[in-house]
Amino acid sequence: MSEVWNYGDILDAVGKVVPGDRAAFIHGDNVTTWSEFVARSNRIANNLLANGAKAGDKIAFYTRNRPEYPEGMAAGFKARLTHVNVNYRYIANELIYLLDNADATVCVFAAEFADQVSNIRGQLPKVTQWIQIEDGFTGLDDVTSYEDYATQGDDSTLDIKRESTDQLFIYTGGTTGMPKGVMWSHDALWNVLGAGGNVRLGIPGSENIAEHCNRVANNPSPPVTLPLPPIMHGTGLLSAVGAMANGGTCITLTSKSFEADLALQAIDQHKVTTVTIVGDAFARPLVEAMDENPGKYDVSSVVAVTSSGVMWTREVKAGLLRHNENMLLADGFSSSEAIGLGSSVMTKDETIEVAQFTLGPACKVFTEDGVEVQPGSGESGMVAVSGFLPDGYYKDQEKTDKTFKVYNGVRYSIPGDFVRVEKDGSLTLLGRGSNCINTAGEKVFPEEVEEAMKFHESVADCLVVGVHDAKWGQAITAVVEMNAGFELEETELKDFSRQHLAAYKIPKRILMRPSLERAPNGKANYKLIQEFAESQLGIA
């Protein structure tokens, strides 16, 4: 691409061609039009700079899904501030670590979290602007009001020169240790997300902002996007960014946690075109709600449901297609530091194998010592992507060097996902190396066993861990969450799993837990499940 891309420039330009009365954000009964969004984000950006923020400063967002999150992020882009996502479930020491590690000077927080902010802000002297979103909770009296920033002051476009190297941080917890900030430049992120095009639909990216704006202005079906996972996680975050950059509408739900009925009501009422989820944790409740209430919700407007981050089973995909056979179900194999590793698309005419992806065009698979894995060899390796990549991890050169490697003169991001490359070039996802179970010398990836177990009609969800065993070293242990009306039949499930797994991969024990307590973004809490399994089996 010849253009130097910056999201602040993109939003300035898009805001001039989008109809002013089009909804930019919808949150319950609260609607922010595009003309209001442009003026509000300009005011916030001008106020941020007027109160001491400088280009390159970090602006952290500590809130649930609300319109103020993407709106405030847009203001940050315009002011050349670097976005930092804050997990609102963190306790005090985690919050202090993240905000300090990010060198945040601005923190936008919801009044719901005022008590936590009150407890930690004395230990965060670098944060000079605490900006409070009024959300119905009793907040702090001695901080700046978000609405004051949004409604008072200069609403003109900023007279500012931005750079393609301006950054957006995505803090990711990974599998061990404290979270690290993945540093994406605006240019790399815009391009890796398609530059306004869509690889899956065969739409090339725009060559420059003028071409992109022409597309936005003449799009007869502007995107109406519903990100269901928290925007403070990468999948939801990039969904909201995409809605803004493409002149669409971003809808956020008013509930604290995901509610399938509320999501379906929003789809029906606002004619949502794209729904963003994270695997079965979101898709299964949607299917169940529609199955229990046939015809109650009109989901015919949905063109695509996109998922990333965890496996999404074929059975649940088929359930969605029963209610709208024209949907495209796109399963992205990506992570915060490696976007575009692979994809899997299912439609009414084309089913797919679970955990099987088409290798991305800029991807290869390497062994741990850097040898490229050949298709059909049966050898597993770590998938790697080149091209538009993050700059690394903020203030962590050691982790940067471990994840971003140069092979044959090409820089790759290798986040640690192990795959097998089939003869046709497709990928079978095995799992994260850090979760790999070593049982009697054989390596087994939990995700492969989990998906096999979830084929059984009684199993709603499954997580697999390895527990200490004198004979096997580690014994594969499955913890299942049952569907309503079913009881655990351990022998039956073991026998069933033989249809899908080699003998050494079959769980030695299968335990039941009422809830696997996945995070709202669908991510597994393997530490919790490990402790549960060890407790149930009497393992110290």
# chains A, B, ... in the order shown; residues from 1 in each chain; ligands from 1
$ residues_around --residues "A:Glu489" --least-positions-apart "2" --cutoff "10 Å" --atoms "only C-alpha atoms" --output "JSON, numbers by chain"
{"A": [458, 486, 487, 491, 492, 493, 494, 510, 511, 512]}
$ select_by_dssp --residues "stretch 157-367 of chain A" --states "strand (DSSP E)" --output "number ranges by chain"
A: 167-172, 180-185, 224-227, 249-252, 274-277, 304-308, 328-335, 338-346, 356-359, 363-366
$ closest_atom_pairs --of "stretch 162-273 of chain A" --to "stretch 93-103 of chain A" --cutoff "9 Å" --atoms "only C-alpha atoms" --output "JSON lines"
{"residue": "A:Phe169", "atom": "CA", "partner": "A:Ala102", "partner_atom": "CA", "distance": 8.7}
{"residue": "A:Tyr171", "atom": "CA", "partner": "A:Leu98", "partner_atom": "CA", "distance": 8.4}
{"residue": "A:Met178", "atom": "CA", "partner": "A:Glu94", "partner_atom": "CA", "distance": 8.0}
{"residue": "A:Pro179", "atom": "CA", "partner": "A:Leu98", "partner_atom": "CA", "distance": 7.3}
{"residue": "A:Lys180", "atom": "CA", "partner": "A:Leu98", "partner_atom": "CA", "distance": 8.3}
{"residue": "A:Gly181", "atom": "CA", "partner": "A:Ala102", "partner_atom": "CA", "distance": 7.3}
$ closest_atom_pairs --of "stretch 428-523 of chain A" --to "stretch 222-238 of chain A" --cutoff "12 Å" --atoms "only C-alpha atoms" --output "Markdown table"
| residue | atom | partner | partner_atom | distance |
| --- | --- | --- | --- | --- |
| A:Ala519 | CA | A:Pro229 | CA | 9.6 |
| A:Pro520 | CA | A:Pro229 | CA | 6.4 |
| A:Asn521 | CA | A:Pro229 | CA | 4.9 |
| A:Gly522 | CA | A:Pro229 | CA | 8.0 |
| A:Lys523 | CA | A:His233 | CA | 10.4 |
$ write_last_selection --atoms "C-alpha atoms" --output "short mmCIF file (atom, residue, chain, number, x, y, z; two decimals), in the first residue's frame"
data_model
loop_
_atom_site.label_atom_id
_atom_site.label_comp_id
_atom_site.auth_asym_id
_atom_site.auth_seq_id
_atom_site.Cartn_x
_atom_site.Cartn_y
_atom_site.Cartn_z
CA ALA A 519 -13.68 -15.82 31.12
CA PRO A 520 -16.35 -13.71 29.37
CA ASN A 521 -14.15 -13.70 26.26
CA GLY A 522 -14.28 -17.51 26.17
CA LYS A 523 -10.71 -18.09 27.30
#
$ atom_distance --atom1 "atom CA of A:Val241" --atom2 "atom CA of A:Tyr412"
24.6 Å
$ residues_around --residues "A:Arg215" --least-positions-apart "3" --cutoff "12 Å" --atoms "only C-alpha atoms" --output "JSON, numbers by chain"
{"A": [14, 17, 18, 195, 196, 197, 203, 204, 205, 206, 207, 208, 209, 210, 211, 212, 218, 219, 220, 221, 222, 245, 246, 247]}
$ write_last_selection --atoms "N, CA and C atoms" --output "PDB file, in the first residue's frame"
ATOM      1  N   VAL A  14     -13.167   9.733   7.212  1.00  0.00           N
ATOM      2  CA  VAL A  14     -14.435   8.992   7.146  1.00  0.00           C
ATOM      3  C   VAL A  14     -15.569   9.828   7.729  1.00  0.00           C
ATOM      4  N   VAL A  17     -17.551  11.923   5.245  1.00  0.00           N
ATOM      5  CA  VAL A  17     -18.360  11.332   4.163  1.00  0.00           C
ATOM      6  C   VAL A  17     -19.524  10.492   4.662  1.00  0.00           C
ATOM      7  N   VAL A  18     -19.518  10.151   5.930  1.00  0.00           N
ATOM      8  CA  VAL A  18     -20.622   9.361   6.484  1.00  0.00           C
ATOM      9  C   VAL A  18     -21.803  10.286   6.786  1.00  0.00           C
ATOM     10  N   ALA A 195      -6.942  -3.367   5.315  1.00  0.00           N
ATOM     11  CA  ALA A 195      -6.885  -2.015   4.735  1.00  0.00           C
ATOM     12  C   ALA A 195      -8.225  -1.593   4.139  1.00  0.00           C
ATOM     13  N   GLY A 196      -9.292  -1.907   4.845  1.00  0.00           N
ATOM     14  CA  GLY A 196     -10.624  -1.546   4.363  1.00  0.00           C
ATOM     15  C   GLY A 196     -11.227  -2.556   3.420  1.00  0.00           C
ATOM     16  N   GLY A 197     -10.472  -3.586   3.050  1.00  0.00           N
ATOM     17  CA  GLY A 197     -10.988  -4.664   2.209  1.00  0.00           C
ATOM     18  C   GLY A 197     -11.316  -5.883   3.043  1.00  0.00           C
ATOM     19  N   ILE A 203     -12.244  -8.931  -1.472  1.00  0.00           N
ATOM     20  CA  ILE A 203     -12.230  -7.481  -1.666  1.00  0.00           C
ATOM     21  C   ILE A 203     -10.851  -6.957  -1.301  1.00  0.00           C
ATOM     22  N   PRO A 204     -10.103  -6.408  -2.264  1.00  0.00           N
ATOM     23  CA  PRO A 204      -8.755  -5.917  -1.958  1.00  0.00           C
ATOM     24  C   PRO A 204      -8.796  -4.677  -1.077  1.00  0.00           C
ATOM     25  N   GLY A 205      -7.683  -4.419  -0.405  1.00  0.00           N
ATOM     26  CA  GLY A 205      -7.594  -3.233   0.427  1.00  0.00           C
ATOM     27  C   GLY A 205      -7.541  -1.961  -0.391  1.00  0.00           C
ATOM     28  N   SER A 206      -7.836  -0.847   0.248  1.00  0.00           N
ATOM     29  CA  SER A 206      -7.783   0.454  -0.420  1.00  0.00           C
ATOM     30  C   SER A 206      -6.327   0.899  -0.569  1.00  0.00           C
ATOM     31  N   GLU A 207      -6.049   1.596  -1.662  1.00  0.00           N
ATOM     32  CA  GLU A 207      -4.692   2.088  -1.916  1.00  0.00           C
ATOM     33  C   GLU A 207      -4.399   3.366  -1.148  1.00  0.00           C
ATOM     34  N   ASN A 208      -5.435   4.134  -0.846  1.00  0.00           N
ATOM     35  CA  ASN A 208      -5.227   5.397  -0.131  1.00  0.00           C
ATOM     36  C   ASN A 208      -6.517   5.796   0.574  1.00  0.00           C
ATOM     37  N   ILE A 209      -6.452   6.843   1.376  1.00  0.00           N
ATOM     38  CA  ILE A 209      -7.606   7.261   2.161  1.00  0.00           C
ATOM     39  C   ILE A 209      -8.747   7.722   1.261  1.00  0.00           C
ATOM     40  N   ALA A 210      -8.421   8.385   0.153  1.00  0.00           N
ATOM     41  CA  ALA A 210      -9.474   8.848  -0.748  1.00  0.00           C
ATOM     42  C   ALA A 210     -10.275   7.665  -1.290  1.00  0.00           C
ATOM     43  N   GLU A 211      -9.583   6.597  -1.672  1.00  0.00           N
ATOM     44  CA  GLU A 211     -10.285   5.416  -2.180  1.00  0.00           C
ATOM     45  C   GLU A 211     -11.119   4.772  -1.077  1.00  0.00           C
ATOM     46  N   HIS A 212     -10.553   4.706   0.126  1.00  0.00           N
ATOM     47  CA  HIS A 212     -11.300   4.123   1.235  1.00  0.00           C
ATOM     48  C   HIS A 212     -12.568   4.923   1.521  1.00  0.00           C
ATOM     49  N   ASN A 218     -20.092   5.148  -0.592  1.00  0.00           N
ATOM     50  CA  ASN A 218     -20.960   4.480  -1.556  1.00  0.00           C
ATOM     51  C   ASN A 218     -21.356   3.066  -1.145  1.00  0.00           C
ATOM     52  N   ASN A 219     -21.096   2.723   0.087  1.00  0.00           N
ATOM     53  CA  ASN A 219     -21.452   1.388   0.569  1.00  0.00           C
ATOM     54  C   ASN A 219     -22.949   1.340   0.868  1.00  0.00           C
ATOM     55  N   PRO A 220     -23.723   0.546   0.119  1.00  0.00           N
ATOM     56  CA  PRO A 220     -25.166   0.510   0.354  1.00  0.00           C
ATOM     57  C   PRO A 220     -25.541  -0.215   1.646  1.00  0.00           C
ATOM     58  N   SER A 221     -24.607  -0.984   2.209  1.00  0.00           N
ATOM     59  CA  SER A 221     -24.880  -1.730   3.448  1.00  0.00           C
ATOM     60  C   SER A 221     -23.750  -1.501   4.448  1.00  0.00           C
ATOM     61  N   PRO A 222     -23.709  -0.316   5.048  1.00  0.00           N
ATOM     62  CA  PRO A 222     -22.642  -0.050   6.021  1.00  0.00           C
ATOM     63  C   PRO A 222     -22.709  -1.046   7.170  1.00  0.00           C
ATOM     64  N   ALA A 245     -13.746   2.634  11.673  1.00  0.00           N
ATOM     65  CA  ALA A 245     -12.919   2.967  10.510  1.00  0.00           C
ATOM     66  C   ALA A 245     -13.650   2.771   9.195  1.00  0.00           C
ATOM     67  N   ASN A 246     -14.696   1.953   9.214  1.00  0.00           N
ATOM     68  CA  ASN A 246     -15.454   1.696   7.994  1.00  0.00           C
ATOM     69  C   ASN A 246     -16.799   2.423   7.974  1.00  0.00           C
ATOM     70  N   GLY A 247     -16.939   3.420   8.835  1.00  0.00           N
ATOM     71  CA  GLY A 247     -18.122   4.269   8.800  1.00  0.00           C
ATOM     72  C   GLY A 247     -19.397   3.583   9.222  1.00  0.00           C
TER      73      GLY A 247
END
$ closest_residue --among "A:Gly376, A:Gly15, A:His468, A:Glu451" --to "A:Leu501" --atoms "only C-alpha atoms"
A:Glu451
$ residues_around --residues "A:Asn42" --least-positions-apart "4" --cutoff "10 Å" --atoms "only C-alpha atoms" --output "PyMOL selection string"
chain A and resi 12+36-38+46-48+71-72+74-76+78-79+149-151+153-158
$ select_by_dssp --residues "stretch 243-447 of chain A" --states "alpha helix (DSSP H)" --output "PDB file with N, CA and C atoms, in the first residue's frame"
ATOM      1  N   ALA A 243     -15.491  -1.196  12.965  1.00  0.00           N
ATOM      2  CA  ALA A 243     -16.783  -0.542  12.746  1.00  0.00           C
ATOM      3  C   ALA A 243     -16.602   0.960  12.547  1.00  0.00           C
ATOM      4  N   MET A 244     -15.767   1.578  13.382  1.00  0.00           N
ATOM      5  CA  MET A 244     -15.538   3.018  13.260  1.00  0.00           C
ATOM      6  C   MET A 244     -14.814   3.361  11.965  1.00  0.00           C
ATOM      7  N   ALA A 245     -13.746   2.634  11.673  1.00  0.00           N
ATOM      8  CA  ALA A 245     -12.919   2.967  10.510  1.00  0.00           C
ATOM      9  C   ALA A 245     -13.650   2.771   9.195  1.00  0.00           C
ATOM     10  N   ALA A 260     -27.536 -14.056  26.046  1.00  0.00           N
ATOM     11  CA  ALA A 260     -27.890 -14.408  24.676  1.00  0.00           C
ATOM     12  C   ALA A 260     -29.168 -13.727  24.206  1.00  0.00           C
ATOM     13  N   ASP A 261     -30.183 -13.673  25.082  1.00  0.00           N
ATOM     14  CA  ASP A 261     -31.453 -13.060  24.675  1.00  0.00           C
ATOM     15  C   ASP A 261     -31.284 -11.572  24.373  1.00  0.00           C
ATOM     16  N   LEU A 262     -30.473 -10.892  25.175  1.00  0.00           N
ATOM     17  CA  LEU A 262     -30.240  -9.468  24.943  1.00  0.00           C
ATOM     18  C   LEU A 262     -29.495  -9.251  23.624  1.00  0.00           C
ATOM     19  N   ALA A 263     -28.550 -10.135  23.349  1.00  0.00           N
ATOM     20  CA  ALA A 263     -27.812 -10.044  22.080  1.00  0.00           C
ATOM     21  C   ALA A 263     -28.744 -10.257  20.891  1.00  0.00           C
ATOM     22  N   LEU A 264     -29.621 -11.235  20.990  1.00  0.00           N
ATOM     23  CA  LEU A 264     -30.551 -11.528  19.890  1.00  0.00           C
ATOM     24  C   LEU A 264     -31.556 -10.400  19.706  1.00  0.00           C
ATOM     25  N   GLN A 265     -31.966  -9.781  20.806  1.00  0.00           N
ATOM     26  CA  GLN A 265     -32.860  -8.624  20.694  1.00  0.00           C
ATOM     27  C   GLN A 265     -32.173  -7.490  19.934  1.00  0.00           C
ATOM     28  N   ALA A 266     -30.894  -7.271  20.241  1.00  0.00           N
ATOM     29  CA  ALA A 266     -30.148  -6.207  19.559  1.00  0.00           C
ATOM     30  C   ALA A 266     -29.986  -6.514  18.080  1.00  0.00           C
ATOM     31  N   ILE A 267     -29.708  -7.768  17.751  1.00  0.00           N
ATOM     32  CA  ILE A 267     -29.580  -8.168  16.343  1.00  0.00           C
ATOM     33  C   ILE A 267     -30.871  -7.908  15.599  1.00  0.00           C
ATOM     34  N   ASP A 268     -31.975  -8.293  16.211  1.00  0.00           N
ATOM     35  CA  ASP A 268     -33.299  -8.125  15.605  1.00  0.00           C
ATOM     36  C   ASP A 268     -33.642  -6.641  15.459  1.00  0.00           C
ATOM     37  N   GLN A 269     -33.484  -5.882  16.526  1.00  0.00           N
ATOM     38  CA  GLN A 269     -33.909  -4.479  16.532  1.00  0.00           C
ATOM     39  C   GLN A 269     -33.072  -3.598  15.617  1.00  0.00           C
ATOM     40  N   HIS A 270     -31.751  -3.825  15.608  1.00  0.00           N
ATOM     41  CA  HIS A 270     -30.862  -2.912  14.897  1.00  0.00           C
ATOM     42  C   HIS A 270     -30.354  -3.469  13.578  1.00  0.00           C
ATOM     43  N   ASP A 280     -17.561 -21.266  21.128  1.00  0.00           N
ATOM     44  CA  ASP A 280     -18.789 -21.868  21.637  1.00  0.00           C
ATOM     45  C   ASP A 280     -19.356 -21.148  22.853  1.00  0.00           C
ATOM     46  N   ALA A 281     -18.488 -20.510  23.645  1.00  0.00           N
ATOM     47  CA  ALA A 281     -18.965 -19.845  24.858  1.00  0.00           C
ATOM     48  C   ALA A 281     -20.035 -18.803  24.548  1.00  0.00           C
ATOM     49  N   PHE A 282     -19.981 -18.236  23.349  1.00  0.00           N
ATOM     50  CA  PHE A 282     -20.990 -17.265  22.922  1.00  0.00           C
ATOM     51  C   PHE A 282     -21.986 -17.899  21.955  1.00  0.00           C
ATOM     52  N   ALA A 283     -21.489 -18.719  21.048  1.00  0.00           N
ATOM     53  CA  ALA A 283     -22.351 -19.250  19.996  1.00  0.00           C
ATOM     54  C   ALA A 283     -23.373 -20.249  20.529  1.00  0.00           C
ATOM     55  N   ARG A 284     -22.966 -21.111  21.450  1.00  0.00           N
ATOM     56  CA  ARG A 284     -23.898 -22.123  21.945  1.00  0.00           C
ATOM     57  C   ARG A 284     -25.115 -21.511  22.638  1.00  0.00           C
ATOM     58  N   PRO A 285     -24.938 -20.539  23.564  1.00  0.00           N
ATOM     59  CA  PRO A 285     -26.123 -19.920  24.172  1.00  0.00           C
ATOM     60  C   PRO A 285     -27.028 -19.228  23.147  1.00  0.00           C
ATOM     61  N   LEU A 286     -26.450 -18.661  22.076  1.00  0.00           N
ATOM     62  CA  LEU A 286     -27.272 -18.047  21.031  1.00  0.00           C
ATOM     63  C   LEU A 286     -28.133 -19.097  20.342  1.00  0.00           C
ATOM     64  N   VAL A 287     -27.517 -20.228  20.012  1.00  0.00           N
ATOM     65  CA  VAL A 287     -28.262 -21.308  19.354  1.00  0.00           C
ATOM     66  C   VAL A 287     -29.357 -21.835  20.276  1.00  0.00           C
ATOM     67  N   GLU A 288     -29.019 -22.054  21.538  1.00  0.00           N
ATOM     68  CA  GLU A 288     -30.008 -22.578  22.486  1.00  0.00           C
ATOM     69  C   GLU A 288     -31.187 -21.629  22.647  1.00  0.00           C
ATOM     70  N   ALA A 289     -30.907 -20.325  22.717  1.00  0.00           N
ATOM     71  CA  ALA A 289     -31.979 -19.346  22.879  1.00  0.00           C
ATOM     72  C   ALA A 289     -32.899 -19.337  21.656  1.00  0.00           C
ATOM     73  N   MET A 290     -32.311 -19.459  20.459  1.00  0.00           N
ATOM     74  CA  MET A 290     -33.141 -19.481  19.248  1.00  0.00           C
ATOM     75  C   MET A 290     -33.899 -20.793  19.117  1.00  0.00           C
ATOM     76  N   ASP A 291     -33.284 -21.891  19.523  1.00  0.00           N
ATOM     77  CA  ASP A 291     -33.969 -23.188  19.473  1.00  0.00           C
ATOM     78  C   ASP A 291     -35.163 -23.223  20.424  1.00  0.00           C
ATOM     79  N   GLU A 292     -34.999 -22.587  21.584  1.00  0.00           N
ATOM     80  CA  GLU A 292     -36.074 -22.583  22.581  1.00  0.00           C
ATOM     81  C   GLU A 292     -37.198 -21.624  22.222  1.00  0.00           C
ATOM     82  N   ARG A 314     -18.128 -27.544  15.063  1.00  0.00           N
ATOM     83  CA  ARG A 314     -18.953 -27.644  13.858  1.00  0.00           C
ATOM     84  C   ARG A 314     -20.434 -27.772  14.199  1.00  0.00           C
ATOM     85  N   GLU A 315     -20.733 -28.517  15.268  1.00  0.00           N
ATOM     86  CA  GLU A 315     -22.128 -28.712  15.667  1.00  0.00           C
ATOM     87  C   GLU A 315     -22.812 -27.378  15.977  1.00  0.00           C
ATOM     88  N   VAL A 316     -22.101 -26.503  16.687  1.00  0.00           N
ATOM     89  CA  VAL A 316     -22.675 -25.210  17.063  1.00  0.00           C
ATOM     90  C   VAL A 316     -22.788 -24.305  15.837  1.00  0.00           C
ATOM     91  N   LYS A 317     -21.805 -24.369  14.949  1.00  0.00           N
ATOM     92  CA  LYS A 317     -21.899 -23.610  13.704  1.00  0.00           C
ATOM     93  C   LYS A 317     -23.127 -24.030  12.905  1.00  0.00           C
ATOM     94  N   ALA A 318     -23.336 -25.336  12.826  1.00  0.00           N
ATOM     95  CA  ALA A 318     -24.507 -25.838  12.095  1.00  0.00           C
ATOM     96  C   ALA A 318     -25.801 -25.347  12.733  1.00  0.00           C
ATOM     97  N   GLY A 319     -25.793 -25.233  14.074  1.00  0.00           N
ATOM     98  CA  GLY A 319     -26.974 -24.722  14.765  1.00  0.00           C
ATOM     99  C   GLY A 319     -27.287 -23.295  14.374  1.00  0.00           C
ATOM    100  N   LEU A 320     -26.262 -22.455  14.235  1.00  0.00           N
ATOM    101  CA  LEU A 320     -26.481 -21.072  13.797  1.00  0.00           C
ATOM    102  C   LEU A 320     -27.043 -21.037  12.382  1.00  0.00           C
ATOM    103  N   LEU A 321     -26.500 -21.880  11.518  1.00  0.00           N
ATOM    104  CA  LEU A 321     -26.952 -21.876  10.121  1.00  0.00           C
ATOM    105  C   LEU A 321     -28.394 -22.353   9.987  1.00  0.00           C
ATOM    106  N   ARG A 322     -28.884 -23.117  10.944  1.00  0.00           N
ATOM    107  CA  ARG A 322     -30.304 -23.518  10.906  1.00  0.00           C
ATOM    108  C   ARG A 322     -31.209 -22.298  11.000  1.00  0.00           C
ATOM    109  N   HIS A 323     -30.727 -21.263  11.660  1.00  0.00           N
ATOM    110  CA  HIS A 323     -31.560 -20.081  11.883  1.00  0.00           C
ATOM    111  C   HIS A 323     -31.312 -18.977  10.858  1.00  0.00           C
ATOM    112  N   GLN A 397      12.278  -6.863  25.875  1.00  0.00           N
ATOM    113  CA  GLN A 397      13.061  -7.318  24.735  1.00  0.00           C
ATOM    114  C   GLN A 397      13.243  -8.833  24.733  1.00  0.00           C
ATOM    115  N   GLU A 398      13.339  -9.428  25.923  1.00  0.00           N
ATOM    116  CA  GLU A 398      13.526 -10.881  26.003  1.00  0.00           C
ATOM    117  C   GLU A 398      12.337 -11.630  25.400  1.00  0.00           C
ATOM    118  N   LYS A 399      11.136 -11.216  25.771  1.00  0.00           N
ATOM    119  CA  LYS A 399       9.946 -11.865  25.223  1.00  0.00           C
ATOM    120  C   LYS A 399       9.792 -11.542  23.740  1.00  0.00           C
ATOM    121  N   THR A 400      10.158 -10.334  23.351  1.00  0.00           N
ATOM    122  CA  THR A 400      10.116  -9.965  21.934  1.00  0.00           C
ATOM    123  C   THR A 400      11.014 -10.891  21.122  1.00  0.00           C
ATOM    124  N   ASP A 401      12.217 -11.127  21.619  1.00  0.00           N
ATOM    125  CA  ASP A 401      13.159 -11.975  20.896  1.00  0.00           C
ATOM    126  C   ASP A 401      12.676 -13.426  20.808  1.00  0.00           C
ATOM    127  N   LYS A 402      11.922 -13.874  21.821  1.00  0.00           N
ATOM    128  CA  LYS A 402      11.424 -15.249  21.810  1.00  0.00           C
ATOM    129  C   LYS A 402      10.274 -15.434  20.832  1.00  0.00           C
ATOM    130  N   THR A 403       9.489 -14.381  20.646  1.00  0.00           N
ATOM    131  CA  THR A 403       8.287 -14.494  19.810  1.00  0.00           C
ATOM    132  C   THR A 403       8.538 -14.082  18.373  1.00  0.00           C
ATOM    133  N   PRO A 446      -4.102 -30.373  24.796  1.00  0.00           N
ATOM    134  CA  PRO A 446      -5.436 -30.419  25.404  1.00  0.00           C
ATOM    135  C   PRO A 446      -6.568 -30.113  24.437  1.00  0.00           C
ATOM    136  N   GLU A 447      -6.379 -29.112  23.563  1.00  0.00           N
ATOM    137  CA  GLU A 447      -7.465 -28.682  22.688  1.00  0.00           C
ATOM    138  C   GLU A 447      -7.978 -29.808  21.794  1.00  0.00           C
TER     139      GLU A 447
END
$ residues_around --residues "A:Ala24" --least-positions-apart "6" --cutoff "6 Å" --atoms "only C-alpha atoms" --output "number ranges by chain"
A: 32-34, 249
$ atom_distance --atom1 "atom CA of A:Asp369" --atom2 "atom CA of A:Leu427"
19.6 Å
$ atom_distance --atom1 "atom CA of A:Ile133" --atom2 "atom CA of A:Ala110"
4.6 Å
$ residues_around --residues "A:Gly485" --least-positions-apart "3" --cutoff "12 Å" --atoms "only C-alpha atoms" --output "list of chain:residue names"
A:Glu457, A:Ser458, A:Val459, A:Ala460, A:Glu481, A:Met482, A:Leu488
$ residues_around --residues "stretch 53-70 of chain A" --least-positions-apart "4" --cutoff "6 Å" --atoms "only C-alpha atoms" --output "list in words"
Phe25, Leu48, Leu49, Arg80, Leu81, Thr82, His83, Val84, Asn85, Val86, Tyr88, Ala104, Thr105, Val106, Cys107, Val108, Phe109, Ala110, Pro230, Ile231 and Thr252 of chain A
$ write_last_selection --atoms "C-alpha atoms" --output "PDB file, in the first residue's frame"
ATOM      1  CA  PHE A  25     -22.801   3.872  18.663  1.00  0.00           C
ATOM      2  CA  LEU A  48      -6.584  15.727  26.385  1.00  0.00           C
ATOM      3  CA  LEU A  49      -3.832  17.748  24.726  1.00  0.00           C
ATOM      4  CA  ARG A  80      -1.748  10.613  18.787  1.00  0.00           C
ATOM      5  CA  LEU A  81      -2.081   8.842  22.135  1.00  0.00           C
ATOM      6  CA  THR A  82      -1.393   5.115  22.469  1.00  0.00           C
ATOM      7  CA  HIS A  83      -4.330   2.943  23.492  1.00  0.00           C
ATOM      8  CA  VAL A  84      -3.921   0.613  26.490  1.00  0.00           C
ATOM      9  CA  ASN A  85      -6.602  -1.928  27.402  1.00  0.00           C
ATOM     10  CA  VAL A  86      -7.259  -2.669  31.079  1.00  0.00           C
ATOM     11  CA  TYR A  88     -11.679  -4.694  34.527  1.00  0.00           C
ATOM     12  CA  ALA A 104      -0.048   5.450  31.272  1.00  0.00           C
ATOM     13  CA  THR A 105      -0.524   9.190  31.781  1.00  0.00           C
ATOM     14  CA  VAL A 106      -4.292   9.151  31.126  1.00  0.00           C
ATOM     15  CA  CYS A 107      -6.838   6.677  32.494  1.00  0.00           C
ATOM     16  CA  VAL A 108     -10.460   6.677  31.350  1.00  0.00           C
ATOM     17  CA  PHE A 109     -12.486   4.641  33.854  1.00  0.00           C
ATOM     18  CA  ALA A 110     -16.120   3.861  34.557  1.00  0.00           C
ATOM     19  CA  PRO A 230     -15.307  -7.485  26.092  1.00  0.00           C
ATOM     20  CA  ILE A 231     -13.767  -4.708  24.015  1.00  0.00           C
ATOM     21  CA  THR A 252     -22.716  -2.557  22.875  1.00  0.00           C
TER      22      THR A 252
END
$ closest_residue --among "A:Val465, A:Glu379, A:Val305, A:Trp5" --to "A:Lys527" --atoms "only C-alpha atoms"
A:Val465
$ closest_residue --among "A:Ile251, A:Ala114, A:Val182, A:Ala13" --to "A:Tyr394" --atoms "only C-alpha atoms"
A:Val182
